[in-house]
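This report refers to the structure that appears directly beneath it.
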Amino acid sequence: MEKVLNYIGGELVPAAGGQWLDKPEPATGQLYAHVPDSREVDVQSAVEAAGRAFPAWAALPAIERSRFLRRIAGLIHERLDAFARAESIDTGKPLAVARTVDIPRSVLNFEFFADAATQFSSEAHPMDGVALNYTLRSPLGVVGCISPWNLPLYLLTWKIAPALAAGNCVVAKPSEVTPMTAYLLSQVCRDAGLPPGVLNLVHGLGPHVGGPLTRHPDVSAISFTGSTRTGAEIARVAAPAFKKLSLEMGGKNPNVIFADCDFDEALATTLRSSFANQGQICLCGPRIFVQRSLYPRFKEALVARTRALKVGDPLVEGTDQGALVSREHFEKVMGYIALAKQEGGNILTGGQRASVPGRCANGWFIEPTLVEGLAPTCRTNQEEIFGPVATLMPFDDEEEVLSWANSTRYGLAGSVWTKDLTRAHRFASRLHSGIVWVNTWMLRDLRTPFGGVKESGVGREGGWDALRFFTEPKNVCIKL
Ligand code: NAD
């Protein structure tokens, strides 16, 4: 049985109370690891270690911090196979996805912010010969980073890298559902010679670890990615203490396909945006709106491509769809399929537990599912399912589909497919969403602002936005 350990003050340690959580493998349902069931006392040790490390880390020249981040990136890259295998086993995602998406992107997160740290500059505001203002940006101190299970190392490092690059020390809480690659990261940090306490990783349940971290008076900012419900709880606790908050939360993204689109591109990309990572990506587009004249052809082709997806053992080459991350999540998604039927939906393909024979016979697999015949306003089309379930809806014109696209409480991302450039710009500007893709999906430039509107988020990650979040500006005004 593998044992995950906390990383506190440079040491790999169990929870102080000696309690453990069970961690099953999603593809088999079998227990395969124990995870520290940490409590407030462990958070306290981590925050103290981070506080001790902070003055020296903040005083390092940016180029020195940058070198540490590069060393960490290099070691993850060297151990790519071990990281990818661990991520696949821990989450149920196909090994190929972990090897080509999750782990390379985690390496890139460190490399990108290693570069950014050395390029980050500040503003000056001269007042016509009267005075000169300039802005100093200092690290915040000890910051908390809380991350979810769907892209475990990718999203954890997306927060840790800018926080460290800007000169903060970090106490991070990875998801208890997928702790393994965070544990491998702590070993990498030790091997990279990162000074003790600069990064601390405390494993355990949200209310036991994330709660105390959010409340802790010596933690000046919380960067969170996860569900809207948890984000609201974090905001409730952190706001009265006036902590800086960055919240990346749920989504129910629209995918709008006009009849004049490039059919093959729209089809292939819609298959990915519906089912990549078993539909467990916050950017997935599970509401597929297709203009009526194209609808029959698009539906037929998408159903055929969806049926051809191979659900199977995540560790076997050629598997397109792995397992869902946990039994609880599997049950939640199956519940939504039942709801879709109750609401009058017609299952075009899928809709059942997928059976994968052999070692995965008891794993949490669901057939990729397409549903039609549902109103845009029903619960299935309004609530985040976060699984391999997408709905197809025909529309007649731009105004109609825009109002449906904007009708949820979320606003993270959206895709629009059209060859009409004017319409593309018009639609993009009117979509209530932090991110819009035109004729593509999930094409990312790490310099761009990343985040959502409405109940999808507050604040932006990426590029200078992340470095600004993790620093405090101070204006200095000099009379000339
Ligand atoms: P979750 O909210 O259940 O958990 C996220 C993290 O918060 C975990 O580490 C959890 O332990 C912790 N947590 C739980 N309760 C807490 C509390 N009271 N105080 C502090 N921390 C607490 O989310 P999840 O199920 O792990 O992830 C799926 C969700 O994440 C989906 O809603 C998805 O849309 C969202 N997500 C959003 C983005 C984005 O960028 N907007 C990216 C990925 C996932």
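Chain labels A, B, ... are given in the sequence in which chains occur in the structure tokens; within each chain residues are numbered consecutively from 1, and ligands are likewise numbered from 1 in the order shown.
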Listing only residues of chain A within 7 Å of ligand 1, what is the closest atom pair and its distance in Å (to one decimal) for each, using only C-alpha atoms and all ligand atoms, sorted by chain and residue number ascending, as CSV?
residue,atom,partner,partner_atom_place_in_ligand_line,distance
A:Ile146,CA,ligand 1,9 (O),5.2
A:Ser147,CA,ligand 1,9 (O),4.7
A:Pro148,CA,ligand 1,26 (O),3.5
A:Trp149,CA,ligand 1,26 (O),4.7
A:Asn150,CA,ligand 1,44 (C),6.2
A:Leu151,CA,ligand 1,43 (C),6.8
A:Lys173,CA,ligand 1,9 (O),5.8
A:Pro174,CA,ligand 1,9 (O),5.0
A:Ser175,CA,ligand 1,9 (O),3.5
A:Glu176,CA,ligand 1,11 (O),5.7
A:Gly204,CA,ligand 1,11 (O),7.0
A:Leu205,CA,ligand 1,11 (O),5.0
A:Gly206,CA,ligand 1,11 (O),3.4
A:Pro207,CA,ligand 1,18 (N),4.4
A:Val209,CA,ligand 1,20 (C),6.9
A:Gly210,CA,ligand 1,20 (C),3.4
A:Gly211,CA,ligand 1,19 (N),3.9
A:Thr214,CA,ligand 1,20 (C),6.3
A:Thr225,CA,ligand 1,37 (C),5.3
A:Gly226,CA,ligand 1,30 (O),3.1
A:Ser227,CA,ligand 1,32 (O),3.4
A:Thr228,CA,ligand 1,32 (O),6.0
A:Arg229,CA,ligand 1,2 (O),6.4
A:Thr230,CA,ligand 1,2 (O),4.4
A:Gly231,CA,ligand 1,2 (O),6.6
A:Glu233,CA,ligand 1,18 (N),5.9
A:Ile234,CA,ligand 1,19 (N),5.5
A:Glu248,CA,ligand 1,41 (N),3.7
A:Met249,CA,ligand 1,41 (N),4.0
A:Gly250,CA,ligand 1,34 (O),3.3
A:Gly251,CA,ligand 1,34 (O),5.2
A:Ile281,CA,ligand 1,43 (C),5.9
A:Cys282,CA,ligand 1,34 (O),4.1
A:Glu384,CA,ligand 1,32 (O),7.0
A:Phe386,CA,ligand 1,31 (C),6.6
A:Leu412,CA,ligand 1,41 (N),6.6
A:Gly451,CA,ligand 1,41 (N),6.1
A:Gly452,CA,ligand 1,41 (N),6.6
A:Ser456,CA,ligand 1,41 (N),6.1
A:Gly457,CA,ligand 1,41 (N),6.6
Can you list, as a PyMOL selection string, every residue of range 166-378 of chain A that DSSP puts in strand (DSSP E or B)?
chain A and resi 169-173+199-201+219-225+244-248+254-257+287-291+311+321+346-349+353+366+369-372
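Minimum distance to Leu271 in chain A across A:Gly17, A:Pro368, A:Pro314, A:Pro394 (counting only C-alpha atoms) occurs at A:Pro368.
Here the question is which of A:Val438, A:Ala424, A:Val458, A:Leu108 gets nearest to Ile76 in chain A using only C-alpha atoms, and that residue is A:Leu108.
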May I have a table of the residues of range 63-95 of chain A lying at most 12 Å from range 43-59 of chain A, giving each one's closest pair of atoms and their distance in Å to one decimal, counting only C-alpha atoms, ordered by chain and ascending residue number, as a Markdown table?
| residue | atom | partner | partner_atom | distance |
| --- | --- | --- | --- | --- |
| A:Ile63 | CA | A:Ala59 | CA | 11.3 |
| A:Glu64 | CA | A:Trp57 | CA | 9.4 |
| A:Arg65 | CA | A:Trp57 | CA | 7.7 |
| A:Ser66 | CA | A:Trp57 | CA | 11.4 |
| A:Phe68 | CA | A:Trp57 | CA | 10.8 |
Check the smallest atom-to-atom distance from each of A:Asn200, A:Ser106, A:Thr100, A:Asn439 to Asp42 in chain A using only C-alpha atoms, then report the winner.
A:Asn200
Going by DSSP on the backbone, which bits of range 181-282 of chain A are alpha helix (DSSP H)? Write them as a PDB file with N, CA, C and O atoms, in the first residue's frame, please.
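out02.pdb, written as the output of this step:
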ATOM      1  N   THR A 181       0.339  13.022  -7.219  1.00  0.00           N
ATOM      2  CA  THR A 181       1.392  13.788  -7.912  1.00  0.00           C
ATOM      3  C   THR A 181       1.867  14.984  -7.073  1.00  0.00           C
ATOM      4  O   THR A 181       3.005  15.432  -7.234  1.00  0.00           O
ATOM      5  N   ALA A 182       1.011  15.463  -6.164  1.00  0.00           N
ATOM      6  CA  ALA A 182       1.470  16.523  -5.253  1.00  0.00           C
ATOM      7  C   ALA A 182       2.558  15.945  -4.343  1.00  0.00           C
ATOM      8  O   ALA A 182       3.546  16.623  -4.013  1.00  0.00           O
ATOM      9  N   TYR A 183       2.377  14.686  -3.956  1.00  0.00           N
ATOM     10  CA  TYR A 183       3.401  14.020  -3.130  1.00  0.00           C
ATOM     11  C   TYR A 183       4.708  13.876  -3.925  1.00  0.00           C
ATOM     12  O   TYR A 183       5.795  14.160  -3.410  1.00  0.00           O
ATOM     13  N   LEU A 184       4.594  13.476  -5.199  1.00  0.00           N
ATOM     14  CA  LEU A 184       5.802  13.375  -6.036  1.00  0.00           C
ATOM     15  C   LEU A 184       6.461  14.744  -6.193  1.00  0.00           C
ATOM     16  O   LEU A 184       7.679  14.858  -6.222  1.00  0.00           O
ATOM     17  N   LEU A 185       5.625  15.789  -6.264  1.00  0.00           N
ATOM     18  CA  LEU A 185       6.172  17.148  -6.371  1.00  0.00           C
ATOM     19  C   LEU A 185       6.974  17.501  -5.117  1.00  0.00           C
ATOM     20  O   LEU A 185       8.021  18.147  -5.200  1.00  0.00           O
ATOM     21  N   SER A 186       6.498  17.061  -3.955  1.00  0.00           N
ATOM     22  CA  SER A 186       7.257  17.408  -2.744  1.00  0.00           C
ATOM     23  C   SER A 186       8.628  16.729  -2.768  1.00  0.00           C
ATOM     24  O   SER A 186       9.624  17.307  -2.333  1.00  0.00           O
ATOM     25  N   GLN A 187       8.697  15.506  -3.328  1.00  0.00           N
ATOM     26  CA  GLN A 187      10.005  14.848  -3.440  1.00  0.00           C
ATOM     27  C   GLN A 187      10.902  15.613  -4.416  1.00  0.00           C
ATOM     28  O   GLN A 187      12.106  15.782  -4.168  1.00  0.00           O
ATOM     29  N   VAL A 188      10.305  16.091  -5.503  1.00  0.00           N
ATOM     30  CA  VAL A 188      11.063  16.884  -6.480  1.00  0.00           C
ATOM     31  C   VAL A 188      11.622  18.151  -5.818  1.00  0.00           C
ATOM     32  O   VAL A 188      12.785  18.511  -6.023  1.00  0.00           O
ATOM     33  N   CYS A 189      10.801  18.811  -5.015  1.00  0.00           N
ATOM     34  CA  CYS A 189      11.252  20.064  -4.380  1.00  0.00           C
ATOM     35  C   CYS A 189      12.432  19.804  -3.443  1.00  0.00           C
ATOM     36  O   CYS A 189      13.368  20.609  -3.368  1.00  0.00           O
ATOM     37  N   ARG A 190      12.386  18.692  -2.737  1.00  0.00           N
ATOM     38  CA  ARG A 190      13.529  18.335  -1.869  1.00  0.00           C
ATOM     39  C   ARG A 190      14.781  18.113  -2.716  1.00  0.00           C
ATOM     40  O   ARG A 190      15.854  18.616  -2.411  1.00  0.00           O
ATOM     41  N   ASP A 191      14.599  17.366  -3.826  1.00  0.00           N
ATOM     42  CA  ASP A 191      15.758  17.059  -4.682  1.00  0.00           C
ATOM     43  C   ASP A 191      16.282  18.316  -5.376  1.00  0.00           C
ATOM     44  O   ASP A 191      17.462  18.390  -5.727  1.00  0.00           O
ATOM     45  N   GLY A 211     -10.209  24.583   5.501  1.00  0.00           N
ATOM     46  CA  GLY A 211     -10.892  25.496   6.434  1.00  0.00           C
ATOM     47  C   GLY A 211      -9.892  26.239   7.308  1.00  0.00           C
ATOM     48  O   GLY A 211      -9.834  27.481   7.291  1.00  0.00           O
ATOM     49  N   PRO A 212      -9.063  25.511   8.085  1.00  0.00           N
ATOM     50  CA  PRO A 212      -8.072  26.190   8.930  1.00  0.00           C
ATOM     51  C   PRO A 212      -7.092  27.063   8.131  1.00  0.00           C
ATOM     52  O   PRO A 212      -6.686  28.121   8.598  1.00  0.00           O
ATOM     53  N   LEU A 213      -6.762  26.617   6.921  1.00  0.00           N
ATOM     54  CA  LEU A 213      -5.845  27.422   6.092  1.00  0.00           C
ATOM     55  C   LEU A 213      -6.513  28.748   5.722  1.00  0.00           C
ATOM     56  O   LEU A 213      -5.902  29.820   5.796  1.00  0.00           O
ATOM     57  N   THR A 214      -7.786  28.681   5.340  1.00  0.00           N
ATOM     58  CA  THR A 214      -8.517  29.896   4.948  1.00  0.00           C
ATOM     59  C   THR A 214      -8.666  30.850   6.133  1.00  0.00           C
ATOM     60  O   THR A 214      -8.596  32.065   5.979  1.00  0.00           O
ATOM     61  N   ARG A 215      -8.884  30.269   7.320  1.00  0.00           N
ATOM     62  CA  ARG A 215      -9.111  31.104   8.521  1.00  0.00           C
ATOM     63  C   ARG A 215      -7.827  31.674   9.103  1.00  0.00           C
ATOM     64  O   ARG A 215      -7.847  32.641   9.846  1.00  0.00           O
ATOM     65  N   THR A 228     -18.272  25.861  -7.045  1.00  0.00           N
ATOM     66  CA  THR A 228     -18.838  27.151  -6.640  1.00  0.00           C
ATOM     67  C   THR A 228     -19.272  27.099  -5.176  1.00  0.00           C
ATOM     68  O   THR A 228     -19.121  28.073  -4.436  1.00  0.00           O
ATOM     69  N   ARG A 229     -19.762  25.942  -4.757  1.00  0.00           N
ATOM     70  CA  ARG A 229     -20.213  25.829  -3.361  1.00  0.00           C
ATOM     71  C   ARG A 229     -19.049  26.040  -2.385  1.00  0.00           C
ATOM     72  O   ARG A 229     -19.149  26.801  -1.424  1.00  0.00           O
ATOM     73  N   THR A 230     -17.932  25.378  -2.659  1.00  0.00           N
ATOM     74  CA  THR A 230     -16.774  25.544  -1.770  1.00  0.00           C
ATOM     75  C   THR A 230     -16.223  26.970  -1.880  1.00  0.00           C
ATOM     76  O   THR A 230     -15.826  27.563  -0.872  1.00  0.00           O
ATOM     77  N   GLY A 231     -16.224  27.520  -3.089  1.00  0.00           N
ATOM     78  CA  GLY A 231     -15.742  28.895  -3.271  1.00  0.00           C
ATOM     79  C   GLY A 231     -16.541  29.880  -2.430  1.00  0.00           C
ATOM     80  O   GLY A 231     -15.981  30.795  -1.824  1.00  0.00           O
ATOM     81  N   ALA A 232     -17.848  29.661  -2.376  1.00  0.00           N
ATOM     82  CA  ALA A 232     -18.709  30.548  -1.578  1.00  0.00           C
ATOM     83  C   ALA A 232     -18.363  30.423  -0.093  1.00  0.00           C
ATOM     84  O   ALA A 232     -18.319  31.429   0.635  1.00  0.00           O
ATOM     85  N   GLU A 233     -18.080  29.207   0.349  1.00  0.00           N
ATOM     86  CA  GLU A 233     -17.723  28.986   1.757  1.00  0.00           C
ATOM     87  C   GLU A 233     -16.388  29.682   2.073  1.00  0.00           C
ATOM     88  O   GLU A 233     -16.232  30.340   3.106  1.00  0.00           O
ATOM     89  N   ILE A 234     -15.432  29.553   1.154  1.00  0.00           N
ATOM     90  CA  ILE A 234     -14.127  30.190   1.360  1.00  0.00           C
ATOM     91  C   ILE A 234     -14.287  31.716   1.413  1.00  0.00           C
ATOM     92  O   ILE A 234     -13.713  32.383   2.281  1.00  0.00           O
ATOM     93  N   ALA A 235     -15.100  32.255   0.513  1.00  0.00           N
ATOM     94  CA  ALA A 235     -15.319  33.705   0.502  1.00  0.00           C
ATOM     95  C   ALA A 235     -15.961  34.154   1.820  1.00  0.00           C
ATOM     96  O   ALA A 235     -15.599  35.189   2.380  1.00  0.00           O
ATOM     97  N   ARG A 236     -16.895  33.348   2.324  1.00  0.00           N
ATOM     98  CA  ARG A 236     -17.593  33.699   3.565  1.00  0.00           C
ATOM     99  C   ARG A 236     -16.607  33.795   4.739  1.00  0.00           C
ATOM    100  O   ARG A 236     -16.685  34.685   5.577  1.00  0.00           O
ATOM    101  N   VAL A 237     -15.631  32.880   4.750  1.00  0.00           N
ATOM    102  CA  VAL A 237     -14.661  32.846   5.842  1.00  0.00           C
ATOM    103  C   VAL A 237     -13.570  33.907   5.640  1.00  0.00           C
ATOM    104  O   VAL A 237     -13.158  34.573   6.596  1.00  0.00           O
ATOM    105  N   ALA A 238     -13.112  34.060   4.396  1.00  0.00           N
ATOM    106  CA  ALA A 238     -11.928  34.910   4.159  1.00  0.00           C
ATOM    107  C   ALA A 238     -12.268  36.395   4.083  1.00  0.00           C
ATOM    108  O   ALA A 238     -11.457  37.235   4.475  1.00  0.00           O
ATOM    109  N   PHE A 263     -17.219  22.157 -40.880  1.00  0.00           N
ATOM    110  CA  PHE A 263     -17.923  21.018 -40.276  1.00  0.00           C
ATOM    111  C   PHE A 263     -16.958  20.035 -39.592  1.00  0.00           C
ATOM    112  O   PHE A 263     -17.158  19.641 -38.431  1.00  0.00           O
ATOM    113  N   ASP A 264     -15.917  19.639 -40.309  1.00  0.00           N
ATOM    114  CA  ASP A 264     -15.022  18.599 -39.769  1.00  0.00           C
ATOM    115  C   ASP A 264     -14.317  19.077 -38.502  1.00  0.00           C
ATOM    116  O   ASP A 264     -14.177  18.332 -37.534  1.00  0.00           O
ATOM    117  N   GLU A 265     -13.859  20.344 -38.535  1.00  0.00           N
ATOM    118  CA  GLU A 265     -13.164  20.897 -37.354  1.00  0.00           C
ATOM    119  C   GLU A 265     -14.123  21.001 -36.175  1.00  0.00           C
ATOM    120  O   GLU A 265     -13.781  20.660 -35.052  1.00  0.00           O
ATOM    121  N   ALA A 266     -15.316  21.508 -36.459  1.00  0.00           N
ATOM    122  CA  ALA A 266     -16.293  21.688 -35.377  1.00  0.00           C
ATOM    123  C   ALA A 266     -16.662  20.330 -34.782  1.00  0.00           C
ATOM    124  O   ALA A 266     -16.777  20.188 -33.555  1.00  0.00           O
ATOM    125  N   LEU A 267     -16.790  19.343 -35.615  1.00  0.00           N
ATOM    126  CA  LEU A 267     -17.173  18.011 -35.134  1.00  0.00           C
ATOM    127  C   LEU A 267     -16.068  17.403 -34.261  1.00  0.00           C
ATOM    128  O   LEU A 267     -16.320  16.949 -33.139  1.00  0.00           O
ATOM    129  N   ALA A 268     -14.854  17.397 -34.800  1.00  0.00           N
ATOM    130  CA  ALA A 268     -13.746  16.768 -34.072  1.00  0.00           C
ATOM    131  C   ALA A 268     -13.515  17.485 -32.739  1.00  0.00           C
ATOM    132  O   ALA A 268     -13.279  16.851 -31.700  1.00  0.00           O
ATOM    133  N   THR A 269     -13.605  18.817 -32.755  1.00  0.00           N
ATOM    134  CA  THR A 269     -13.324  19.565 -31.531  1.00  0.00           C
ATOM    135  C   THR A 269     -14.474  19.421 -30.540  1.00  0.00           C
ATOM    136  O   THR A 269     -14.250  19.363 -29.324  1.00  0.00           O
ATOM    137  N   THR A 270     -15.694  19.344 -31.036  1.00  0.00           N
ATOM    138  CA  THR A 270     -16.836  19.168 -30.132  1.00  0.00           C
ATOM    139  C   THR A 270     -16.759  17.818 -29.415  1.00  0.00           C
ATOM    140  O   THR A 270     -17.112  17.703 -28.238  1.00  0.00           O
ATOM    141  N   LEU A 271     -16.273  16.809 -30.125  1.00  0.00           N
ATOM    142  CA  LEU A 271     -16.079  15.510 -29.471  1.00  0.00           C
ATOM    143  C   LEU A 271     -15.122  15.672 -28.285  1.00  0.00           C
ATOM    144  O   LEU A 271     -15.378  15.177 -27.186  1.00  0.00           O
ATOM    145  N   ARG A 272     -14.045  16.415 -28.506  1.00  0.00           N
ATOM    146  CA  ARG A 272     -13.069  16.629 -27.418  1.00  0.00           C
ATOM    147  C   ARG A 272     -13.656  17.503 -26.323  1.00  0.00           C
ATOM    148  O   ARG A 272     -13.503  17.211 -25.136  1.00  0.00           O
ATOM    149  N   SER A 273     -14.319  18.576 -26.715  1.00  0.00           N
ATOM    150  CA  SER A 273     -14.794  19.517 -25.682  1.00  0.00           C
ATOM    151  C   SER A 273     -15.936  18.907 -24.871  1.00  0.00           C
ATOM    152  O   SER A 273     -16.264  19.391 -23.792  1.00  0.00           O
ATOM    153  N   SER A 274     -16.544  17.845 -25.391  1.00  0.00           N
ATOM    154  CA  SER A 274     -17.592  17.166 -24.626  1.00  0.00           C
ATOM    155  C   SER A 274     -17.001  16.111 -23.692  1.00  0.00           C
ATOM    156  O   SER A 274     -17.487  15.940 -22.574  1.00  0.00           O
ATOM    157  N   PHE A 275     -15.966  15.389 -24.173  1.00  0.00           N
ATOM    158  CA  PHE A 275     -15.580  14.173 -23.452  1.00  0.00           C
ATOM    159  C   PHE A 275     -14.128  14.111 -22.991  1.00  0.00           C
ATOM    160  O   PHE A 275     -13.732  13.119 -22.377  1.00  0.00           O
TER     161      PHE A 275
END
Leaving out Ala308 in chain A and any residue of its chain fewer than 2 positions from it, which residues lie within 12 Å of it when counting only C-alpha atoms, given as number ranges by chain?
A: 271, 301-306, 310-311, 318-321, 349-350, 367-369
For range 285-295 of chain A: contacts at 10 Å, only C-alpha atoms, fewer than 4 positions along chain excluded, given as a count of residues only
55
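Closest approach to Glu111 in chain A from the set A:Arg99, A:Arg430, A:His77, A:Lys23 is made by A:His77, with distances taken over only C-alpha atoms.
Using only C-alpha atoms, the contacts of range 92-94 of chain A at a cut-off of 9 Å, with sequence neighbours closer than 4 positions omitted, comprise A:Glu25, A:Pro26, A:Ala27, A:Thr28, A:Glu87, A:Ser88, A:Ala98, A:Arg99, A:Asn277, A:Gln278, A:Gly312, A:Asp313, A:Pro314, A:Leu315, A:Val316, A:Glu317, A:Gly318, A:Thr319, A:Asp320, A:Gln321, A:Gly322, A:Ala323, A:Leu324, A:Val325, A:Ser326, A:Gly363, A:Trp364.
The smallest atom-to-atom distance between Ala86 in chain A and any of A:Leu245, A:Val143, A:Ala354, A:Val4, using only C-alpha atoms, is found for A:Val4.
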